[in-house]
$ cat input20.cif   # mmCIF, C-alpha atoms and all ligand atoms
data_final
loop_
_atom_site.label_atom_id
_atom_site.label_comp_id
_atom_site.auth_asym_id
_atom_site.auth_seq_id
_atom_site.Cartn_x
_atom_site.Cartn_y
_atom_site.Cartn_z
CA MET A 1 58.65 -66.48 94.70
CA SER A 2 61.40 -68.95 93.82
CA GLY A 3 64.76 -68.67 95.50
CA PRO A 4 67.85 -70.82 94.96
CA GLN A 5 65.98 -74.10 95.35
CA TRP A 6 64.58 -73.88 91.81
CA GLY A 7 67.49 -74.47 89.37
CA SER A 8 66.23 -73.20 86.02
CA LEU A 9 63.42 -73.33 83.49
CA GLU A 10 65.56 -75.54 81.27
CA GLN A 11 66.25 -78.07 84.04
CA CYS A 12 62.54 -78.23 84.80
CA LEU A 13 61.54 -78.78 81.16
CA GLU A 14 64.22 -81.44 80.64
CA GLN A 15 63.17 -83.23 83.80
CA HIS A 16 59.44 -83.32 83.13
CA LEU A 17 58.79 -83.35 79.39
CA PRO A 18 58.93 -86.45 77.21
CA PRO A 19 61.62 -86.04 74.47
CA ALA A 20 59.18 -85.42 71.60
CA ASP A 21 57.32 -82.72 73.53
CA LEU A 22 60.58 -81.22 74.74
CA ARG A 23 61.75 -80.84 71.12
CA GLU A 24 58.57 -78.97 70.15
CA VAL A 25 58.56 -76.82 73.29
CA LYS A 26 62.20 -75.86 72.68
CA ARG A 27 61.52 -75.14 69.00
CA ILE A 28 58.90 -72.60 70.01
CA LEU A 29 60.49 -71.24 73.20
CA TYR A 30 64.13 -71.16 72.05
CA GLY A 31 63.99 -70.99 68.23
CA LYS A 32 66.48 -72.80 65.99
CA GLU A 33 68.57 -75.12 68.13
CA THR A 34 72.04 -73.88 69.09
CA ARG A 35 74.86 -76.39 68.72
CA LYS A 36 76.53 -77.45 71.98
CA LEU A 37 80.19 -76.42 71.95
CA ASN A 38 82.78 -79.05 72.58
CA LEU A 39 84.66 -77.22 75.33
CA PRO A 40 88.13 -78.44 76.39
CA SER A 41 88.08 -80.90 79.27
CA VAL A 42 90.72 -78.88 81.13
CA ALA A 43 88.26 -75.94 81.15
CA LEU A 44 85.39 -78.13 82.35
CA ASP A 45 87.63 -79.54 85.10
CA GLU A 46 88.75 -76.06 86.21
CA ALA A 47 85.13 -74.85 86.29
CA SER A 48 84.08 -77.81 88.38
CA ALA A 49 87.06 -77.35 90.74
CA GLY A 50 86.20 -73.65 91.03
CA ASP A 51 82.53 -74.45 91.64
CA PHE A 52 81.05 -72.61 88.69
CA GLU A 53 78.89 -73.73 85.83
CA LEU A 54 80.36 -73.77 82.30
CA GLN A 55 78.15 -74.04 79.25
CA GLY A 56 78.91 -73.39 75.58
CA TYR A 57 76.73 -73.03 72.48
CA ALA A 58 77.21 -71.96 68.85
CA PHE A 59 74.90 -69.98 66.60
CA GLU A 60 75.38 -70.65 62.91
CA ALA A 61 74.79 -68.50 59.84
CA ALA A 62 74.38 -69.52 56.20
CA ARG A 63 77.61 -69.78 54.17
CA GLU A 64 78.12 -66.80 51.87
CA GLN A 65 80.18 -66.68 48.66
CA LEU A 66 81.88 -63.31 49.19
CA ARG A 67 82.33 -63.17 52.97
CA GLN A 68 84.03 -65.66 55.22
CA PRO A 69 82.14 -66.58 58.42
CA ARG A 70 82.84 -63.92 61.07
CA THR A 71 82.95 -66.08 64.16
CA VAL A 72 83.58 -64.62 67.58
CA ARG A 73 83.32 -66.19 71.02
CA VAL A 74 81.74 -64.19 73.81
CA GLY A 75 81.87 -65.03 77.52
CA LEU A 76 79.13 -63.97 79.97
CA VAL A 77 79.96 -64.15 83.68
CA GLN A 78 77.43 -64.30 86.52
CA ASN A 79 78.62 -64.55 90.10
CA ARG A 80 77.87 -64.11 93.76
CA THR A 81 79.82 -61.68 95.91
CA PRO A 82 82.28 -63.99 97.70
CA LEU A 83 82.57 -62.01 100.96
CA PRO A 84 79.82 -60.67 103.23
CA THR A 85 78.85 -57.05 102.67
CA ASP A 86 80.32 -55.95 106.01
CA ALA A 87 83.82 -57.16 105.15
CA PRO A 88 86.37 -54.35 104.54
CA VAL A 89 85.84 -52.69 101.15
CA ALA A 90 89.34 -53.50 99.88
CA ASP A 91 88.89 -57.18 100.83
CA GLN A 92 85.55 -57.42 99.01
CA VAL A 93 87.04 -55.90 95.85
CA SER A 94 90.09 -58.10 95.95
CA ALA A 95 87.99 -61.27 96.52
CA LEU A 96 85.92 -60.34 93.47
CA HIS A 97 89.09 -59.70 91.42
CA ARG A 98 90.37 -63.18 92.35
CA ARG A 99 87.06 -64.84 91.48
CA ILE A 100 86.80 -63.10 88.12
CA GLU A 101 90.44 -63.79 87.34
CA ALA A 102 89.79 -67.52 87.81
CA ILE A 103 86.67 -67.49 85.64
CA THR A 104 88.45 -65.45 82.95
CA GLU A 105 91.27 -68.04 82.87
CA VAL A 106 88.65 -70.65 81.98
CA ALA A 107 87.12 -68.33 79.39
CA ALA A 108 90.55 -68.06 77.78
CA MET A 109 90.82 -71.88 77.64
CA CYS A 110 87.47 -71.85 75.80
CA GLY A 111 88.75 -69.37 73.19
CA VAL A 112 86.62 -66.44 74.37
CA ASN A 113 87.39 -63.22 72.46
CA ILE A 114 85.13 -60.79 74.35
CA ILE A 115 84.15 -61.22 77.99
CA CYS A 116 81.57 -59.20 79.91
CA PHE A 117 81.05 -59.14 83.69
CA GLN A 118 77.83 -58.32 85.58
CA GLU A 119 76.67 -54.79 86.44
CA ALA A 120 78.75 -53.08 89.17
CA TRP A 121 80.76 -56.29 89.41
CA THR A 122 83.30 -55.09 91.99
CA MET A 123 80.74 -54.61 94.76
CA PRO A 124 77.52 -55.82 96.34
CA PHE A 125 74.46 -54.17 94.77
CA ALA A 126 74.13 -51.86 97.78
CA PHE A 127 72.04 -49.13 96.16
CA CYS A 128 68.94 -50.47 97.92
CA THR A 129 70.27 -49.15 101.23
CA ARG A 130 70.40 -45.44 100.32
CA GLU A 131 73.47 -45.25 102.60
CA LYS A 132 76.50 -43.47 101.19
CA LEU A 133 79.39 -44.97 103.16
CA PRO A 134 80.88 -47.45 102.73
CA TRP A 135 79.29 -48.12 99.33
CA THR A 136 80.55 -45.03 97.54
CA GLU A 137 84.07 -46.16 98.42
CA PHE A 138 83.71 -48.88 95.79
CA ALA A 139 83.76 -46.20 93.06
CA GLU A 140 86.87 -45.99 90.89
CA SER A 141 88.26 -44.07 87.94
CA ALA A 142 87.15 -45.65 84.67
CA GLU A 143 90.40 -44.62 83.02
CA ASP A 144 93.00 -45.81 85.48
CA GLY A 145 91.37 -47.17 88.64
CA PRO A 146 92.61 -50.44 90.15
CA THR A 147 89.84 -52.47 88.48
CA THR A 148 90.52 -51.00 85.05
CA ARG A 149 94.23 -51.73 85.49
CA PHE A 150 93.33 -55.28 86.57
CA CYS A 151 91.15 -55.70 83.44
CA GLN A 152 93.93 -54.32 81.23
CA LYS A 153 96.22 -57.07 82.51
CA LEU A 154 93.56 -59.73 81.87
CA ALA A 155 92.89 -58.35 78.37
CA LYS A 156 96.54 -58.34 77.38
CA LYS A 157 97.31 -61.72 78.91
CA HIS A 158 94.40 -63.46 77.21
CA ASP A 159 94.17 -61.35 74.01
CA MET A 160 90.57 -60.73 75.02
CA VAL A 161 88.32 -57.66 74.94
CA VAL A 162 87.05 -57.04 78.50
CA VAL A 163 83.78 -55.25 79.26
CA SER A 164 83.97 -54.13 82.88
CA PRO A 165 80.85 -52.52 84.40
CA ILE A 166 81.80 -50.57 87.53
CA LEU A 167 80.70 -47.78 89.82
CA GLU A 168 82.72 -44.91 88.34
CA ARG A 169 84.03 -41.86 90.16
CA ASP A 170 84.71 -39.10 87.65
CA PHE A 171 87.65 -37.28 89.24
CA VAL A 172 87.81 -34.76 86.41
CA HIS A 173 84.22 -33.55 86.79
CA GLY A 174 83.71 -32.83 90.48
CA ASP A 175 84.22 -36.38 91.80
CA VAL A 176 80.70 -37.43 90.76
CA LEU A 177 79.55 -41.05 90.47
CA TRP A 178 78.26 -42.87 87.42
CA ASN A 179 77.17 -46.39 86.56
CA THR A 180 79.68 -47.11 83.81
CA ALA A 181 81.04 -49.89 81.65
CA VAL A 182 84.70 -49.66 80.67
CA VAL A 183 85.68 -51.35 77.42
CA VAL A 184 89.26 -52.61 77.34
CA SER A 185 90.68 -53.67 73.99
CA ASN A 186 92.47 -57.00 73.61
CA SER A 187 95.65 -54.92 73.19
CA GLY A 188 95.25 -53.88 76.84
CA ALA A 189 94.39 -50.27 75.99
CA VAL A 190 91.24 -48.66 77.39
CA LEU A 191 89.07 -48.26 74.30
CA GLY A 192 86.48 -46.09 76.06
CA LYS A 193 83.54 -46.05 78.42
CA THR A 194 79.79 -45.89 78.25
CA ARG A 195 77.27 -44.98 80.96
CA LYS A 196 73.90 -46.32 82.06
CA ASN A 197 71.29 -44.20 80.30
CA HIS A 198 68.19 -45.16 82.29
CA ILE A 199 68.22 -45.22 86.10
CA PRO A 200 65.49 -47.26 87.81
CA ARG A 201 63.04 -45.81 90.28
CA VAL A 202 61.31 -49.06 91.12
CA GLY A 203 61.25 -51.28 94.20
CA ASP A 204 64.49 -51.09 96.19
CA PHE A 205 66.50 -49.99 93.16
CA ASN A 206 67.39 -46.64 94.74
CA GLU A 207 70.22 -45.94 92.32
CA SER A 208 69.08 -42.36 91.71
CA THR A 209 70.40 -41.59 95.23
CA TYR A 210 73.90 -42.20 93.90
CA TYR A 211 74.19 -41.25 90.22
CA MET A 212 72.44 -39.61 87.31
CA GLU A 213 71.41 -40.86 83.90
CA GLY A 214 74.45 -41.30 81.63
CA ASN A 215 75.58 -38.41 79.42
CA LEU A 216 77.61 -40.26 76.80
CA GLY A 217 74.84 -41.24 74.40
CA HIS A 218 75.07 -44.60 72.63
CA PRO A 219 78.73 -45.26 71.78
CA VAL A 220 79.66 -48.37 69.82
CA PHE A 221 83.17 -49.76 70.15
CA GLN A 222 85.01 -51.14 67.14
CA THR A 223 87.01 -54.11 68.39
CA GLN A 224 89.10 -56.62 66.50
CA PHE A 225 86.23 -59.08 66.95
CA GLY A 226 83.26 -56.93 65.94
CA ARG A 227 81.37 -53.78 66.91
CA ILE A 228 80.06 -53.91 70.46
CA ALA A 229 77.88 -51.78 72.75
CA VAL A 230 76.76 -51.98 76.37
CA ASN A 231 73.16 -51.34 77.41
CA ILE A 232 73.37 -51.41 81.21
CA CYS A 233 70.56 -53.19 83.11
CA TYR A 234 67.40 -51.04 83.28
CA GLY A 235 68.13 -49.78 79.75
CA ARG A 236 66.83 -53.11 78.52
CA HIS A 237 63.25 -51.99 79.20
CA HIS A 238 63.73 -49.15 76.70
CA PRO A 239 63.46 -50.30 73.08
CA LEU A 240 64.82 -46.98 71.80
CA ASN A 241 67.97 -47.44 73.89
CA TRP A 242 68.70 -50.74 72.11
CA LEU A 243 67.75 -49.13 68.81
CA MET A 244 70.29 -46.31 69.13
CA TYR A 245 73.18 -48.73 69.73
CA SER A 246 72.04 -50.58 66.65
CA VAL A 247 71.70 -47.36 64.63
CA ASN A 248 75.35 -46.72 65.53
CA GLY A 249 76.27 -50.12 64.12
CA ALA A 250 76.44 -52.49 67.12
CA GLU A 251 76.61 -56.16 66.16
CA ILE A 252 76.68 -57.40 69.77
CA ILE A 253 74.99 -55.53 72.64
CA PHE A 254 75.87 -56.62 76.16
CA ASN A 255 73.30 -56.08 78.92
CA PRO A 256 75.07 -56.44 82.28
CA SER A 257 72.33 -56.43 84.93
CA ALA A 258 71.39 -56.84 88.56
CA THR A 259 67.77 -57.80 88.94
CA ILE A 260 65.59 -59.86 91.23
CA GLY A 261 62.89 -62.49 90.82
CA THR A 262 59.97 -60.68 92.41
CA LEU A 263 60.42 -57.80 90.01
CA SER A 264 61.54 -58.94 86.60
CA GLU A 265 61.93 -62.68 86.08
CA SER A 266 59.06 -62.96 83.62
CA LEU A 267 60.43 -60.01 81.60
CA TRP A 268 63.97 -61.38 81.50
CA PRO A 269 63.69 -63.99 78.71
CA ILE A 270 61.76 -61.59 76.50
CA GLU A 271 63.45 -58.20 76.49
CA ALA A 272 67.03 -58.86 75.36
CA ARG A 273 65.76 -61.48 72.95
CA ASN A 274 63.25 -59.14 71.40
CA ALA A 275 66.00 -56.53 71.06
CA ALA A 276 68.16 -59.01 69.12
CA ILE A 277 65.31 -59.71 66.73
CA ALA A 278 64.21 -56.09 66.30
CA ASN A 279 67.73 -54.77 65.74
CA HIS A 280 69.32 -57.59 63.70
CA CYS A 281 72.09 -58.07 66.27
CA PHE A 282 73.20 -60.39 69.07
CA THR A 283 72.34 -59.50 72.67
CA CYS A 284 73.97 -60.88 75.81
CA ALA A 285 71.87 -60.66 78.99
CA ILE A 286 73.86 -61.08 82.21
CA ASN A 287 72.40 -61.13 85.72
CA ARG A 288 74.08 -61.54 89.09
CA VAL A 289 73.18 -64.49 91.28
CA GLY A 290 72.29 -65.15 94.91
CA GLU A 291 71.26 -63.04 97.86
CA GLU A 292 73.17 -60.13 99.43
CA HIS A 293 72.52 -59.17 103.05
CA PHE A 294 73.31 -55.68 104.32
CA PRO A 295 74.31 -54.64 107.85
CA ASN A 296 71.43 -52.17 108.34
CA GLU A 297 67.72 -52.52 107.70
CA PHE A 298 65.98 -50.46 105.02
CA THR A 299 62.37 -50.03 104.01
CA SER A 300 60.77 -50.20 100.58
CA GLY A 301 58.13 -47.52 100.99
CA ASP A 302 55.38 -50.14 100.65
CA GLY A 303 54.20 -50.41 104.26
CA LYS A 304 56.01 -53.73 104.68
CA LYS A 305 58.56 -54.45 107.39
CA ALA A 306 62.14 -53.19 107.08
CA HIS A 307 64.55 -55.81 105.76
CA GLN A 308 68.25 -56.33 105.08
CA ASP A 309 68.36 -57.95 101.66
CA PHE A 310 67.49 -56.92 98.13
CA GLY A 311 65.75 -60.15 97.16
CA TYR A 312 66.95 -63.04 95.04
CA PHE A 313 69.21 -62.32 92.03
CA TYR A 314 68.21 -65.12 89.68
CA GLY A 315 71.20 -65.43 87.31
CA SER A 316 69.78 -67.02 84.09
CA SER A 317 72.26 -65.24 81.81
CA TYR A 318 71.78 -66.00 78.10
CA VAL A 319 72.63 -64.96 74.54
CA ALA A 320 70.01 -64.17 71.89
CA ALA A 321 70.52 -64.01 68.14
CA PRO A 322 68.92 -61.91 65.40
CA ASP A 323 67.14 -64.98 63.97
CA SER A 324 65.18 -65.32 67.27
CA SER A 325 67.18 -68.29 68.52
CA ARG A 326 68.74 -68.18 71.97
CA THR A 327 70.97 -70.26 74.19
CA PRO A 328 69.58 -71.93 77.28
CA GLY A 329 70.18 -69.80 80.36
CA LEU A 330 72.79 -70.39 82.99
CA SER A 331 71.24 -71.59 86.23
CA ARG A 332 69.40 -69.43 88.76
CA ASN A 333 71.60 -70.47 91.66
CA ARG A 334 75.24 -70.91 90.66
CA ASP A 335 78.14 -68.79 89.52
CA GLY A 336 78.68 -69.42 85.85
CA LEU A 337 80.41 -68.76 82.56
CA LEU A 338 78.38 -68.95 79.37
CA VAL A 339 80.46 -69.23 76.19
CA ALA A 340 78.68 -68.52 72.91
CA GLU A 341 80.13 -68.67 69.44
CA LEU A 342 78.44 -66.17 67.13
CA ASP A 343 78.74 -65.82 63.38
CA LEU A 344 78.24 -62.09 62.94
CA ASN A 345 77.25 -62.66 59.30
CA LEU A 346 73.86 -63.62 60.73
CA CYS A 347 73.15 -59.93 61.49
CA ARG A 348 73.18 -58.83 57.85
CA GLN A 349 71.48 -62.06 56.75
CA MET A 350 68.54 -61.34 59.07
CA ASN A 351 68.53 -57.69 58.00
CA ASP A 352 68.15 -58.84 54.37
CA THR A 353 65.43 -61.33 55.33
CA TRP A 354 63.24 -59.18 57.57
CA ASN A 355 64.32 -55.66 56.47
CA PHE A 356 63.53 -53.97 59.80
CA LYS A 357 66.23 -51.36 59.14
CA MET A 358 64.81 -50.66 55.69
CA THR A 359 61.16 -50.58 56.83
CA GLY A 360 61.88 -48.79 60.13
CA ARG A 361 60.35 -45.36 59.19
CA TYR A 362 62.88 -43.64 61.48
CA GLU A 363 62.39 -40.24 59.85
CA MET A 364 58.65 -40.36 60.57
CA TYR A 365 59.24 -41.36 64.21
CA ALA A 366 61.94 -38.69 64.62
CA ARG A 367 59.54 -36.04 63.35
CA GLU A 368 56.63 -37.24 65.49
CA LEU A 369 58.74 -37.66 68.63
CA THR A 370 60.29 -34.21 68.16
CA ALA A 371 56.78 -32.78 68.28
CA ALA A 372 55.58 -35.09 71.09
CA VAL A 373 58.29 -34.03 73.59
CA LYS A 374 57.37 -30.33 73.28
CA PRO A 375 55.45 -28.98 76.32
CA ASN A 376 52.61 -27.68 74.13
CA TYR A 377 52.09 -30.99 72.29
CA SER A 378 48.59 -32.06 71.62
CA PRO A 379 48.25 -35.88 71.14
CA ASN A 380 46.95 -36.93 67.74
CA ILE A 381 43.66 -38.52 68.82
CA VAL A 382 40.88 -38.77 66.31
CA GLN A 383 37.42 -38.64 67.85
CA GLU A 384 33.94 -38.98 66.53
CA LEU A 385 32.38 -35.56 66.24
CA LEU A 386 29.15 -35.41 68.21
CA THR A 387 26.66 -33.51 66.09
CA VAL A 388 23.86 -31.82 67.94
CA SER A 389 20.62 -32.74 66.20
CA PRO A 390 18.26 -29.82 65.69
CA SER A 391 15.42 -29.86 68.17
CA PRO A 392 12.05 -30.73 66.63
CA PRO A 393 9.82 -27.75 65.79
N1 LIG A 401 70.14 -52.66 88.11
C1 LIG A 401 68.97 -52.22 87.66
O1 LIG A 401 68.89 -51.23 86.96
N2 LIG A 401 67.89 -52.92 88.04
C2 LIG A 401 66.56 -52.46 87.84
C3 LIG A 401 65.58 -53.55 87.81
C4 LIG A 401 65.43 -54.16 86.47
O2 LIG A 401 65.67 -53.51 85.47
O3 LIG A 401 65.02 -55.32 86.41
#
$ encode --input "input20.cif" --output "structure tokens"
Amino acid sequence: MSGPQWGSLEQCLEQHLPPADLREVKRILYGKETRKLNLPSVALDEASAGDFELQGYAFEAAREQLRQPRTVRVGLVQNRTPLPTDAPVADQVSALHRRIEAITEVAAMCGVNIICFQEAWTMPFAFCTREKLPWTEFAESAEDGPTTRFCQKLAKKHDMVVVSPILERDFVHGDVLWNTAVVVSNSGAVLGKTRKNHIPRVGDFNESTYYMEGNLGHPVFQTQFGRIAVNICYGRHHPLNWLMYSVNGAEIIFNPSATIGTLSESLWPIEARNAAIANHCFTCAINRVGEEHFPNEFTSGDGKKAHQDFGYFYGSSYVAAPDSSRTPGLSRNRDGLLVAELDLNLCRQMNDTWNFKMTGRYEMYARELTAAVKPNYSPNIVQELLTVSPSPP
């Protein structure tokens, strides 16, 4: 399975396909072409000095007579953990704060209005280990922990909405942990929080050792730049999870993730993109990048040898639009900032074209699902009745 040596699908296609074929392949694989954004040279220089990739694309919508274009710029950040996992907890957190601060500065130069970081961005993705200490020490209050206060400063300074996915410790309810995304308004106020609804039980994703499925439903946050929601990582495999954010009015759904090549790389380009199409909204898929090594060995329950790493986090963050177009992905092997300009008018335009909301038959599904989750449910399977022919006299 590919590690860091293989840069990205896009690099491979560009390198090997003749231009005419490349155009056709991209038309089918990526939909209507996104326009490359002309990003300021100072931002490109800063990104190159800071050793992270910077790419920018714009999605366009048709001009309407009664509504002005509703353009918003989103920033997706993928990054490695700068320090080794056995460095002191406070040092790891502060190194990540510094890294994200630098990338957010560049996002501000690019006019980003809403920025989203990767899942559990203040820590290594240590849930594979099943160890409690020191990993639980990375948990913080969503309302006023050091990372939320840090994000409030960034939001206010840059007039930017900040989506900050962290390991939350809920001090009010028995000190329990959650996988949470905090949404900070561009005013600097904490707008609210949302929790990961689906917890994986696959491979080394032993997150259920640490926290439960979220209990906050599918909140959508009204920001100055549009209505946003956060579907954290494994929730992207659940079409109804995306649907409920959309039912509550989300125009942009962020999907901060941590996932590895051996498990999910072939699912990655499909799921968030399909959700954008099915729900007439934009989706932003963000994955961490690189390899994280842990001090102690752990096993995967598959008879294979114990190991000290999770596998390769393949980056490849991208934005998908309701008209089925998508940006190219960031690379598989570098930290990066993807800037995408969205015209939110495209959501309603696609709704009027394809009518998935109108043709959705939600009432029928609600009724059938209500019956199907009951313990005494009998599946509606129609079978041929076998008639017993009378025996000959
Ligand atoms: N972080 C997380 O939920 N990962 C699970 C694996 C996946 O969804 O690809």
$ atom_distance --input "input20.cif" --atom1 "CA of Arg169 in chain A" --atom2 "CA of Ala139 in chain A"
5.2 Å
$ residues_near_ligand --input "input20.cif" --ligand "ligand LIG 401 (chain A)" --cutoff "6 Å" --atoms "all atoms listed in the file" --output "PyMOL selection string"
chain A and resi 200+205+233-234+257-259+264
$ closest_residue --input "input20.cif" --among "A:Val162, A:Met123, A:Ile199, A:Ala102" --to "Phe225 in chain A" --atoms "all atoms listed in the file"
A:Val162
$ closest_residue --input "input20.cif" --among "A:Asp323, A:Glu46, A:Glu24, A:Glu140" --to "Asn351 in chain A" --atoms "all atoms listed in the file"
A:Asp323
$ closest_residue --input "input20.cif" --among "A:Val319, A:Ala126, A:Leu338, A:Cys281" --to "Asn296 in chain A" --atoms "only C-alpha atoms"
A:Ala126
$ atom_distance --input "input20.cif" --atom1 "CA of Glu251 in chain A" --atom2 "CA of Lys193 in chain A"
17.3 Å
$ atom_distance --input "input20.cif" --atom1 "CA of Asp302 in chain A" --atom2 "CA of Val289 in chain A"
24.7 Å
$ residues_near_point --input "input20.cif" --point "(80.1, -50.2, 87.4)" --cutoff "7 Å" --atoms "only C-alpha atoms" --output "list in words"
Glu119, Ala120, Trp121, Pro165, Ile166, Leu167, Glu168, Asn179, Thr180 and Ala181 of chain A
$ write_last_selection --input "input20.cif" --atoms "C-alpha atoms" --output "short mmCIF file (atom, residue, chain, number, x, y, z; two decimals), keeping the file's coordinate frame"
data_model
loop_
_atom_site.label_atom_id
_atom_site.label_comp_id
_atom_site.auth_asym_id
_atom_site.auth_seq_id
_atom_site.Cartn_x
_atom_site.Cartn_y
_atom_site.Cartn_z
CA GLU A 119 76.67 -54.79 86.44
CA ALA A 120 78.75 -53.08 89.17
CA TRP A 121 80.76 -56.29 89.41
CA PRO A 165 80.85 -52.52 84.40
CA ILE A 166 81.80 -50.57 87.53
CA LEU A 167 80.70 -47.78 89.82
CA GLU A 168 82.72 -44.91 88.34
CA ASN A 179 77.17 -46.39 86.56
CA THR A 180 79.68 -47.11 83.81
CA ALA A 181 81.04 -49.89 81.65
#
$ decode --input "input20.cif" --residues "range 284-354 of chain A" --atoms "C-alpha atoms" --output "PDB file, in the first residue's frame"
ATOM      1  CA  CYS A 284     -15.146  19.647   2.742  1.00  0.00           C
ATOM      2  CA  ALA A 285     -13.204  16.428   3.371  1.00  0.00           C
ATOM      3  CA  ILE A 286     -10.060  16.885   5.489  1.00  0.00           C
ATOM      4  CA  ASN A 287      -7.587  14.144   6.382  1.00  0.00           C
ATOM      5  CA  ARG A 288      -4.399  14.268   8.424  1.00  0.00           C
ATOM      6  CA  VAL A 289      -1.102  13.389   6.798  1.00  0.00           C
ATOM      7  CA  GLY A 290       1.949  11.260   7.558  1.00  0.00           C
ATOM      8  CA  GLU A 291       2.788   8.529  10.017  1.00  0.00           C
ATOM      9  CA  GLU A 292       2.634   8.685  13.823  1.00  0.00           C
ATOM     10  CA  HIS A 293       4.744   6.313  15.909  1.00  0.00           C
ATOM     11  CA  PHE A 294       3.802   5.472  19.483  1.00  0.00           C
ATOM     12  CA  PRO A 295       6.107   4.534  22.369  1.00  0.00           C
ATOM     13  CA  ASN A 296       4.464   1.151  23.085  1.00  0.00           C
ATOM     14  CA  GLU A 297       3.469  -1.665  20.765  1.00  0.00           C
ATOM     15  CA  PHE A 298      -0.175  -2.599  20.252  1.00  0.00           C
ATOM     16  CA  THR A 299      -1.910  -5.396  18.394  1.00  0.00           C
ATOM     17  CA  SER A 300      -4.780  -5.260  15.925  1.00  0.00           C
ATOM     18  CA  GLY A 301      -6.570  -8.459  16.871  1.00  0.00           C
ATOM     19  CA  ASP A 302      -5.781  -9.941  13.453  1.00  0.00           C
ATOM     20  CA  GLY A 303      -3.037 -12.421  14.356  1.00  0.00           C
ATOM     21  CA  LYS A 304      -0.377 -10.110  12.910  1.00  0.00           C
ATOM     22  CA  LYS A 305       2.644  -8.873  14.837  1.00  0.00           C
ATOM     23  CA  ALA A 306       2.329  -6.016  17.333  1.00  0.00           C
ATOM     24  CA  HIS A 307       3.330  -2.636  15.898  1.00  0.00           C
ATOM     25  CA  GLN A 308       3.818   0.975  16.954  1.00  0.00           C
ATOM     26  CA  ASP A 309       2.144   2.985  14.206  1.00  0.00           C
ATOM     27  CA  PHE A 310      -1.379   3.453  12.939  1.00  0.00           C
ATOM     28  CA  GLY A 311      -0.534   3.274   9.242  1.00  0.00           C
ATOM     29  CA  TYR A 312      -0.226   6.025   6.662  1.00  0.00           C
ATOM     30  CA  PHE A 313      -2.563   9.045   6.888  1.00  0.00           C
ATOM     31  CA  TYR A 314      -2.911   9.973   3.228  1.00  0.00           C
ATOM     32  CA  GLY A 315      -4.000  13.644   3.325  1.00  0.00           C
ATOM     33  CA  SER A 316      -5.821  14.237  -0.028  1.00  0.00           C
ATOM     34  CA  SER A 317      -8.189  16.848   1.431  1.00  0.00           C
ATOM     35  CA  TYR A 318     -10.712  18.229  -1.081  1.00  0.00           C
ATOM     36  CA  VAL A 319     -13.947  20.188  -1.543  1.00  0.00           C
ATOM     37  CA  ALA A 320     -16.975  18.843  -3.415  1.00  0.00           C
ATOM     38  CA  ALA A 321     -19.893  20.831  -4.789  1.00  0.00           C
ATOM     39  CA  PRO A 322     -23.584  20.033  -5.235  1.00  0.00           C
ATOM     40  CA  ASP A 323     -23.198  19.980  -9.041  1.00  0.00           C
ATOM     41  CA  SER A 324     -20.803  16.978  -8.697  1.00  0.00           C
ATOM     42  CA  SER A 325     -17.665  18.996  -9.401  1.00  0.00           C
ATOM     43  CA  ARG A 326     -14.753  18.846  -6.985  1.00  0.00           C
ATOM     44  CA  THR A 327     -11.359  20.393  -6.462  1.00  0.00           C
ATOM     45  CA  PRO A 328      -8.216  18.357  -6.953  1.00  0.00           C
ATOM     46  CA  GLY A 329      -6.982  16.957  -3.646  1.00  0.00           C
ATOM     47  CA  LEU A 330      -4.088  18.248  -1.633  1.00  0.00           C
ATOM     48  CA  SER A 331      -1.140  15.865  -1.780  1.00  0.00           C
ATOM     49  CA  ARG A 332      -0.818  12.599   0.136  1.00  0.00           C
ATOM     50  CA  ASN A 333       2.478  13.552   1.737  1.00  0.00           C
ATOM     51  CA  ARG A 334       2.659  17.233   2.674  1.00  0.00           C
ATOM     52  CA  ASP A 335       1.050  19.616   5.106  1.00  0.00           C
ATOM     53  CA  GLY A 336      -1.324  21.822   3.195  1.00  0.00           C
ATOM     54  CA  LEU A 337      -3.949  24.527   3.000  1.00  0.00           C
ATOM     55  CA  LEU A 338      -6.704  24.197   0.416  1.00  0.00           C
ATOM     56  CA  VAL A 339      -8.613  27.408  -0.271  1.00  0.00           C
ATOM     57  CA  ALA A 340     -11.930  27.082  -2.092  1.00  0.00           C
ATOM     58  CA  GLU A 341     -14.262  29.854  -3.123  1.00  0.00           C
ATOM     59  CA  LEU A 342     -17.880  28.685  -3.114  1.00  0.00           C
ATOM     60  CA  ASP A 343     -20.949  30.442  -4.444  1.00  0.00           C
ATOM     61  CA  LEU A 344     -23.616  29.150  -2.080  1.00  0.00           C
ATOM     62  CA  ASN A 345     -26.302  30.008  -4.661  1.00  0.00           C
ATOM     63  CA  LEU A 346     -25.259  26.750  -6.327  1.00  0.00           C
ATOM     64  CA  CYS A 347     -27.014  24.785  -3.545  1.00  0.00           C
ATOM     65  CA  ARG A 348     -30.495  26.054  -4.389  1.00  0.00           C
ATOM     66  CA  GLN A 349     -29.745  25.963  -8.124  1.00  0.00           C
ATOM     67  CA  MET A 350     -28.926  22.246  -7.903  1.00  0.00           C
ATOM     68  CA  ASN A 351     -31.949  21.674  -5.663  1.00  0.00           C
ATOM     69  CA  ASP A 352     -34.154  23.214  -8.382  1.00  0.00           C
ATOM     70  CA  THR A 353     -32.427  21.161 -11.102  1.00  0.00           C
ATOM     71  CA  TRP A 354     -32.396  17.727  -9.485  1.00  0.00           C
TER      72      TRP A 354
END
